[in-house]
file start-v3.csv (CSV, C-alpha atoms)
chain,number,residue,atom,x,y,z
A,1,MET,CA,50.1,3.4,10.6
A,2,LYS,CA,48.8,1.3,7.7
A,3,ALA,CA,45.9,2.4,5.5
A,4,ILE,CA,44.4,1.4,2.2
A,5,VAL,CA,45.5,3.8,-0.5
A,6,ILE,CA,44.0,4.3,-4.0
A,7,SER,CA,47.0,4.0,-6.3
A,8,SER,CA,45.0,5.5,-9.2
A,9,PRO,CA,41.2,5.5,-10.0
A,10,GLY,CA,40.1,2.1,-11.2
A,11,GLY,CA,39.0,-1.4,-10.3
A,12,PRO,CA,39.5,-3.1,-6.9
A,13,GLU,CA,43.1,-3.9,-7.7
A,14,VAL,CA,44.1,-0.3,-7.2
A,15,LEU,CA,43.5,-0.6,-3.4
A,16,GLN,CA,46.9,-1.1,-1.8
A,17,LEU,CA,47.9,-1.4,1.9
A,18,GLN,CA,50.6,1.1,2.6
A,19,GLU,CA,52.4,2.9,5.4
A,20,VAL,CA,51.0,6.5,5.8
A,21,GLU,CA,51.2,9.3,8.3
A,22,GLU,CA,48.8,9.1,11.3
A,23,PRO,CA,46.0,11.7,11.2
A,24,GLU,CA,46.5,15.0,12.9
A,25,LEU,CA,44.0,15.4,15.8
A,26,LYS,CA,42.0,18.6,15.9
A,27,ASP,CA,40.7,20.1,19.2
A,28,ASP,CA,37.2,18.9,18.7
A,29,GLU,CA,38.1,15.4,17.5
A,30,VAL,CA,38.9,12.0,19.0
A,31,LEU,CA,41.5,9.5,17.6
A,32,ILE,CA,40.2,6.0,17.3
A,33,LYS,CA,42.3,2.8,17.1
A,34,VAL,CA,40.2,1.0,14.5
A,35,GLU,CA,38.7,-2.4,15.4
A,36,ALA,CA,36.8,-2.8,12.1
A,37,SER,CA,35.5,-0.7,9.2
A,38,ALA,CA,32.5,-1.4,7.1
A,39,LEU,CA,32.2,-1.2,3.3
A,40,ASN,CA,29.6,1.1,1.7
A,41,ARG,CA,28.7,1.5,-2.0
A,42,ALA,CA,30.1,5.0,-1.9
A,43,ASP,CA,33.6,3.5,-1.2
A,44,THR,CA,33.5,1.8,-4.6
A,45,PHE,CA,32.5,5.1,-6.3
A,46,GLN,CA,35.4,6.9,-4.5
A,47,ARG,CA,37.8,4.2,-5.7
A,48,THR,CA,36.8,4.7,-9.3
A,49,GLY,CA,37.0,8.5,-9.1
A,50,MET,CA,33.2,9.1,-9.4
A,51,PHE,CA,33.1,10.5,-5.8
A,52,LEU,CA,35.6,12.8,-4.2
A,53,PRO,CA,35.9,13.0,-0.4
A,54,PRO,CA,34.4,16.2,1.1
A,55,LYS,CA,36.7,19.2,1.5
A,56,GLY,CA,39.1,18.7,4.5
A,57,ALA,CA,38.2,14.9,4.8
A,58,SER,CA,40.8,12.1,4.9
A,59,PRO,CA,41.9,11.0,1.4
A,60,TYR,CA,41.4,7.4,2.5
A,61,ILE,CA,38.2,5.4,2.0
A,62,GLY,CA,35.8,4.4,4.8
A,63,VAL,CA,32.8,6.3,6.2
A,64,GLU,CA,32.2,4.2,9.4
A,65,CYS,CA,34.2,2.3,11.9
A,66,SER,CA,34.4,0.9,15.4
A,67,GLY,CA,37.3,0.9,17.9
A,68,THR,CA,38.8,2.3,21.0
A,69,ILE,CA,39.6,6.0,21.7
A,70,GLN,CA,43.3,6.5,21.9
A,71,ALA,CA,43.4,10.3,22.3
A,72,VAL,CA,41.0,13.2,22.7
A,73,GLY,CA,41.2,16.8,21.4
A,74,LYS,CA,41.6,19.8,23.8
A,75,THR,CA,37.9,20.7,23.7
A,76,VAL,CA,36.4,17.2,23.9
A,77,SER,CA,34.7,16.4,27.2
A,78,SER,CA,32.1,13.8,26.1
A,79,TRP,CA,34.7,11.0,25.5
A,80,LYS,CA,37.8,9.7,27.2
A,81,ILE,CA,40.7,7.5,26.3
A,82,GLY,CA,39.8,3.8,26.4
A,83,ASP,CA,36.1,4.3,25.5
A,84,GLN,CA,34.8,1.7,23.0
A,85,VAL,CA,32.9,3.4,20.3
A,86,CYS,CA,31.6,3.4,16.7
A,87,ALA,CA,31.6,6.4,14.5
A,88,LEU,CA,30.2,8.0,11.4
A,89,LEU,CA,33.3,9.2,9.5
A,90,ASN,CA,34.0,11.8,6.7
A,91,GLY,CA,36.6,9.3,5.5
A,92,GLY,CA,39.6,7.4,6.6
A,93,GLY,CA,38.0,4.2,8.0
A,94,TYR,CA,40.2,1.8,5.9
A,95,ALA,CA,43.1,2.4,8.3
A,96,GLU,CA,44.5,1.4,11.7
A,97,LYS,CA,43.6,4.8,13.1
A,98,VAL,CA,41.2,7.6,12.3
A,99,ALA,CA,40.3,11.0,13.6
A,100,VAL,CA,36.7,12.1,13.8
A,101,SER,CA,34.6,14.9,15.2
A,102,ALA,CA,33.5,14.0,18.8
A,103,GLY,CA,29.9,14.7,17.8
A,104,GLN,CA,29.9,11.9,15.2
A,105,VAL,CA,30.8,9.2,17.8
A,106,LEU,CA,28.4,6.7,19.4
A,107,PRO,CA,28.9,4.2,22.2
A,108,VAL,CA,28.9,0.6,21.2
A,109,PRO,CA,25.3,-0.7,22.0
A,110,HIS,CA,25.1,-3.2,24.8
A,111,GLY,CA,25.0,-6.7,23.4
A,112,VAL,CA,26.9,-5.9,20.2
A,113,SER,CA,30.6,-6.8,19.8
A,114,LEU,CA,33.1,-4.0,19.2
A,115,LYS,CA,33.9,-5.4,15.8
A,116,ASP,CA,30.3,-5.8,14.7
A,117,ALA,CA,29.4,-2.3,15.8
A,118,ALA,CA,31.3,-1.0,12.8
A,119,SER,CA,28.3,-2.1,10.7
A,120,LEU,CA,25.9,0.3,12.4
A,121,PRO,CA,26.7,4.1,12.1
A,122,GLU,CA,26.1,4.6,8.3
A,123,VAL,CA,23.0,2.5,8.0
A,124,ALA,CA,21.4,3.8,11.2
A,125,CYS,CA,22.1,7.4,10.4
A,126,THR,CA,21.0,7.1,6.8
A,127,VAL,CA,17.7,5.3,7.6
A,128,TRP,CA,16.8,7.2,10.7
A,129,SER,CA,17.5,10.7,9.2
A,130,THR,CA,15.8,9.9,5.9
A,131,VAL,CA,12.8,7.7,6.7
A,132,PHE,CA,11.9,8.9,10.2
A,133,MET,CA,13.4,12.3,11.0
A,134,LYS,CA,12.6,13.9,7.7
A,135,ASN,CA,9.7,11.8,6.3
A,136,GLN,CA,7.9,10.6,9.5
A,137,LEU,CA,7.2,6.9,8.6
A,138,SER,CA,4.6,6.1,11.2
A,139,ALA,CA,3.1,3.0,12.8
A,140,GLY,CA,0.4,1.5,10.5
A,141,GLU,CA,1.9,3.0,7.3
A,142,THR,CA,3.3,0.8,4.4
A,143,PHE,CA,7.0,1.0,3.5
A,144,LEU,CA,8.7,-0.4,0.4
A,145,VAL,CA,12.4,-1.1,0.5
A,146,HIS,CA,14.3,-1.7,-2.7
A,147,GLY,CA,17.6,-3.6,-2.5
A,148,ALA,CA,16.4,-5.0,0.7
A,149,SER,CA,19.2,-7.5,1.2
A,150,SER,CA,21.8,-4.6,1.4
A,151,GLY,CA,23.2,-3.2,4.6
A,152,ILE,CA,20.8,-0.3,4.4
A,153,GLY,CA,17.9,-2.6,3.4
A,154,THR,CA,18.4,-5.2,6.2
A,155,PHE,CA,18.6,-2.4,8.8
A,156,ALA,CA,15.5,-0.5,7.3
A,157,ILE,CA,13.4,-3.7,7.5
A,158,GLN,CA,14.1,-4.2,11.2
A,159,ILE,CA,13.7,-0.6,12.4
A,160,ALA,CA,10.5,-0.1,10.4
A,161,LYS,CA,9.0,-3.2,11.8
A,162,PHE,CA,10.1,-2.1,15.3
A,163,ARG,CA,8.3,1.2,14.7
A,164,GLY,CA,5.1,-0.5,13.6
A,165,ALA,CA,5.1,-0.2,9.8
A,166,ARG,CA,4.1,-2.8,7.3
A,167,VAL,CA,7.2,-3.6,5.2
A,168,LEU,CA,7.3,-4.7,1.6
A,169,VAL,CA,10.7,-5.5,0.0
A,170,SER,CA,12.2,-6.2,-3.3
A,171,ALA,CA,15.4,-8.2,-4.0
A,172,GLY,CA,16.8,-10.3,-6.9
A,173,SER,CA,16.8,-13.8,-5.5
A,174,ASP,CA,14.7,-16.2,-3.4
A,175,GLU,CA,17.6,-16.6,-1.0
A,176,LYS,CA,17.8,-12.9,-0.3
A,177,LEU,CA,14.0,-12.6,0.0
A,178,ALA,CA,13.9,-15.5,2.5
A,179,PHE,CA,16.5,-13.7,4.6
A,180,CYS,CA,14.4,-10.5,4.5
A,181,LYS,CA,11.4,-12.5,5.5
A,182,ASN,CA,13.2,-13.8,8.6
A,183,LEU,CA,14.1,-10.2,9.5
A,184,GLY,CA,10.4,-9.4,9.5
A,185,ALA,CA,9.5,-8.3,6.0
A,186,ASP,CA,5.7,-8.8,5.4
A,187,VAL,CA,5.8,-9.0,1.6
A,188,CYS,CA,8.7,-10.2,-0.5
A,189,ILE,CA,9.0,-9.4,-4.2
A,190,ASN,CA,11.5,-10.9,-6.6
A,191,TYR,CA,12.0,-8.0,-9.1
A,192,LYS,CA,13.5,-10.4,-11.6
A,193,THR,CA,10.4,-12.5,-11.9
A,194,GLU,CA,7.6,-10.2,-10.8
A,195,ASP,CA,6.2,-6.7,-11.7
A,196,PHE,CA,6.8,-4.9,-8.4
A,197,VAL,CA,4.2,-2.2,-9.2
A,198,LYS,CA,1.5,-4.9,-9.8
A,199,ARG,CA,2.4,-6.8,-6.6
A,200,VAL,CA,2.5,-3.6,-4.5
A,201,LYS,CA,-1.0,-2.7,-5.7
A,202,GLU,CA,-2.3,-6.2,-5.0
A,203,GLU,CA,-0.8,-6.1,-1.4
A,204,THR,CA,-2.3,-2.6,-0.6
A,205,ASP,CA,-5.8,-3.0,-2.0
A,206,GLY,CA,-4.8,-0.8,-5.0
A,207,LYS,CA,-3.7,2.1,-2.9
A,208,GLY,CA,0.1,1.9,-3.0
A,209,VAL,CA,2.6,2.3,-0.3
A,210,ASP,CA,3.2,5.4,1.8
A,211,VAL,CA,7.0,5.5,1.7
A,212,ILE,CA,9.6,4.1,-0.7
A,213,LEU,CA,13.4,3.9,0.1
A,214,ASP,CA,15.2,3.6,-3.2
A,215,HIS,CA,18.8,3.4,-4.3
A,216,ILE,CA,18.2,2.5,-7.9
A,217,GLY,CA,17.1,5.9,-9.2
A,218,ALA,CA,16.2,6.6,-12.8
A,219,SER,CA,15.2,3.1,-14.0
A,220,TYR,CA,12.7,2.7,-11.1
A,221,PHE,CA,11.4,6.3,-11.0
A,222,ARG,CA,8.2,5.9,-13.0
A,223,GLN,CA,7.3,2.6,-11.3
A,224,ASN,CA,8.0,4.1,-7.9
A,225,LEU,CA,5.5,6.9,-8.6
A,226,GLU,CA,2.9,4.3,-9.7
A,227,SER,CA,3.6,2.4,-6.5
A,228,LEU,CA,2.9,5.3,-4.1
A,229,ASN,CA,-0.3,6.1,-2.3
A,230,PHE,CA,-1.8,9.6,-2.0
A,231,ASP,CA,0.7,11.8,0.0
A,232,GLY,CA,3.4,9.2,-0.6
A,233,ARG,CA,7.1,9.9,-0.1
A,234,LEU,CA,9.8,8.7,-2.5
A,235,LEU,CA,13.2,8.8,-0.9
A,236,VAL,CA,16.1,8.4,-3.4
A,237,ILE,CA,19.5,7.6,-1.8
A,238,GLY,CA,21.3,6.3,-4.8
A,239,THR,CA,21.4,6.1,-8.6
A,240,MET,CA,22.6,2.6,-9.4
A,241,GLY,CA,20.0,2.4,-12.2
A,242,GLY,CA,20.9,5.8,-13.7
A,243,SER,CA,20.6,9.4,-12.7
A,244,VAL,CA,18.6,11.0,-15.6
A,245,THR,CA,14.9,10.4,-16.2
A,246,GLU,CA,11.7,12.0,-17.4
A,247,VAL,CA,8.7,12.6,-15.3
A,248,ASP,CA,5.1,13.4,-16.0
A,249,LEU,CA,4.5,16.0,-13.2
A,250,ARG,CA,0.8,15.3,-13.2
A,251,ALA,CA,1.7,12.0,-11.5
A,252,LEU,CA,3.2,14.0,-8.6
A,253,ILE,CA,0.5,16.6,-8.5
A,254,SER,CA,-2.5,14.3,-8.6
A,255,LYS,CA,-1.3,12.1,-5.7
A,256,ARG,CA,0.5,14.9,-3.8
A,257,ILE,CA,3.7,13.0,-3.9
A,258,THR,CA,7.0,14.2,-2.3
A,259,VAL,CA,10.3,13.2,-3.9
A,260,GLN,CA,13.4,13.7,-1.8
A,261,GLY,CA,17.0,13.1,-2.6
A,262,THR,CA,19.4,12.8,0.3
A,263,LYS,CA,23.1,12.2,1.0
A,264,LEU,CA,24.7,11.8,4.4
A,265,ARG,CA,28.4,12.3,3.7
A,266,ASN,CA,28.4,15.9,2.6
A,267,ARG,CA,26.4,17.2,5.6
A,268,SER,CA,28.0,19.5,8.1
A,269,ALA,CA,29.5,18.2,11.3
A,270,GLU,CA,26.7,20.1,13.2
A,271,ASN,CA,24.0,18.3,11.2
A,272,LYS,CA,25.7,14.9,11.6
A,273,ALA,CA,25.9,15.5,15.3
A,274,VAL,CA,22.1,16.1,15.5
A,275,ILE,CA,21.5,12.9,13.6
A,276,ILE,CA,23.9,11.0,15.8
A,277,SER,CA,22.1,12.2,18.9
A,278,GLU,CA,18.7,11.2,17.5
A,279,VAL,CA,20.0,7.8,16.5
A,280,GLU,CA,21.4,7.1,20.0
A,281,LYS,CA,18.1,8.2,21.6
A,282,ASN,CA,15.7,6.3,19.2
A,283,VAL,CA,17.6,3.5,17.5
A,284,TRP,CA,20.2,2.3,20.1
A,285,PRO,CA,17.4,1.1,22.5
A,286,ALA,CA,16.0,-1.1,19.7
A,287,ILE,CA,19.4,-2.6,19.2
A,288,GLU,CA,20.0,-3.2,22.8
A,289,GLU,CA,16.6,-4.8,23.2
A,290,ARG,CA,17.5,-7.1,20.2
A,291,TRP,CA,14.7,-5.9,18.0
A,292,VAL,CA,17.3,-4.7,15.5
A,293,LYS,CA,20.5,-6.8,15.0
A,294,PRO,CA,23.6,-6.2,12.9
A,295,VAL,CA,23.7,-8.3,9.7
A,296,ILE,CA,27.3,-9.2,8.9
A,297,TYR,CA,28.0,-11.2,5.7
A,298,LYS,CA,31.7,-11.6,5.9
A,299,TYR,CA,34.9,-10.3,7.5
A,300,PHE,CA,38.1,-9.5,5.5
A,301,PRO,CA,41.5,-8.5,6.7
A,302,LEU,CA,42.2,-4.9,5.8
A,303,SER,CA,44.9,-6.1,3.4
A,304,ASP,CA,42.2,-7.9,1.4
A,305,ALA,CA,40.1,-4.7,0.7
A,306,ALA,CA,40.3,-5.4,-3.0
A,307,GLU,CA,38.6,-8.8,-2.6
A,308,ALA,CA,36.0,-7.2,-0.3
A,309,HIS,CA,35.2,-4.6,-3.0
A,310,GLN,CA,34.9,-7.4,-5.6
A,311,LEU,CA,32.3,-9.1,-3.4
A,312,MET,CA,30.3,-5.9,-2.9
A,313,GLU,CA,30.3,-5.1,-6.6
A,314,ASN,CA,29.0,-8.5,-7.6
A,315,SER,CA,26.0,-8.0,-5.2
A,316,SER,CA,25.9,-11.6,-4.0
A,317,HIS,CA,26.2,-10.6,-0.3
A,318,ILE,CA,23.5,-10.0,2.3
A,319,GLY,CA,24.0,-7.3,4.8
A,320,LYS,CA,27.4,-5.7,5.6
A,321,ILE,CA,31.0,-6.5,4.7
A,322,LEU,CA,33.6,-5.6,7.3
A,323,LEU,CA,37.4,-5.0,7.1
A,324,VAL,CA,39.5,-5.8,10.2
A,325,PRO,CA,43.0,-4.3,10.5
call {"tool": "encode", "arguments": {"input": "start-v3.csv", "output": "structure tokens"}}
result
Amino acid sequence: MKAIVISSPGGPEVLQLQEVEEPELKDDEVLIKVEASALNRADTFQRTGMFLPPKGASPYIGVECSGTIQAVGKTVSSWKIGDQVCALLNGGGYAEKVAVSAGQVLPVPHGVSLKDAASLPEVACTVWSTVFMKNQLSAGETFLVHGASSGIGTFAIQIAKFRGARVLVSAGSDEKLAFCKNLGADVCINYKTEDFVKRVKEETDGKGVDVILDHIGASYFRQNLESLNFDGRLLVIGTMGGSVTEVDLRALISKRITVQGTKLRNRSAENKAVIISEVEKNVWPAIEERWVKPVIYKYFPLSDAAEAHQLMENSSHIGKILLVP
């Protein structure tokens, strides 16, 4: 089969389409003929050598895909050959075929094309497990999403609105904010021209928000604490703005703030299966009822993975970028 191979750690140009061996199928896995794979920021970090794949994972990039099941392992009873699915992968999505644990596979939601379904597993599992399963964002609470025009952000806006939260967002252009507004965001903040802490306080009668989903990290940490209400929850899912900061612990103590870091890829197969089950039960109905829709910015042929990475890294896109073998 063909797959994207990292010739050596570096820029997008190191991504090369090559002939490789097909994955070996374990007893508890299914083999998927890939219809599409979606880009994630972690893919660019793996390409540069900053992230290594989990032990035992495919050496190839790609943590989500959609496609058709071509083979099933000996102990798999939940799926059959010919099923159209999408999946949360440990790696290997940038390829024509990928093997994945049967517990990390989801049916394609009704009303979503097989190709576009590749955009859903990572964002759905990240947002649902972090914001809802662990931190219980509830109807009537306020929710601030940084990087709101990203794949994670556009999904988080929609599912939070569906669940009854008031959603505030930050992004770096009026075009991106207008898109977020159309997705249902209640308050849109241009972080390049506005002080988001001041605006958050204005929009919440000085209280602050209940939950923040943040992929920036260190450079936003102090402002995030200032932006939280009593019993607020700060959920850190990335460190694009740095990983080291200082904190005055009195800020956490006085407002009873919870700070949680989370990562999806290095969880166990058993833990991922629990998340997948909860996503199918709680998120898939919202997608099938069209309350939550995939947001696709552009499709690239698999052979143009380098160009797709360039687009992701210049951050001009809105939503997800897909690769099609």
call {"tool": "closest_residue", "arguments": {"input": "start-v3.csv", "among": "A:Val14, A:Leu264, A:Val295, A:Ala139", "to": "Pro54 (chain A)", "atoms": "only C-alpha atoms"}}
result
A:Leu264
call {"tool": "residues_around", "arguments": {"input": "start-v3.csv", "residues": "region 107-123 of chain A", "least_positions_apart": "3", "cutoff": "10 Å", "atoms": "only C-alpha atoms", "output": "PyMOL selection string"}}
result
chain A and resi 34-40+63-68+79+83-89+93+104+126-129+150-156+264-265+276+279-280+283-290+293-296+299+319-324
call {"tool": "closest_residue", "arguments": {"input": "start-v3.csv", "among": "A:Ser8, A:Thr245, A:Ser149, A:Gln136", "to": "Ala178 (chain A)", "atoms": "only C-alpha atoms"}}
result
A:Ser149
call {"tool": "atom_distance", "arguments": {"input": "start-v3.csv", "atom1": "CA of Ala185 (chain A)", "atom2": "CA of Gly241 (chain A)"}}
result
23.6 Å
call {"tool": "atom_distance", "arguments": {"input": "start-v3.csv", "atom1": "CA of Leu302 (chain A)", "atom2": "CA of Arg47 (chain A)"}}
result
15.3 Å
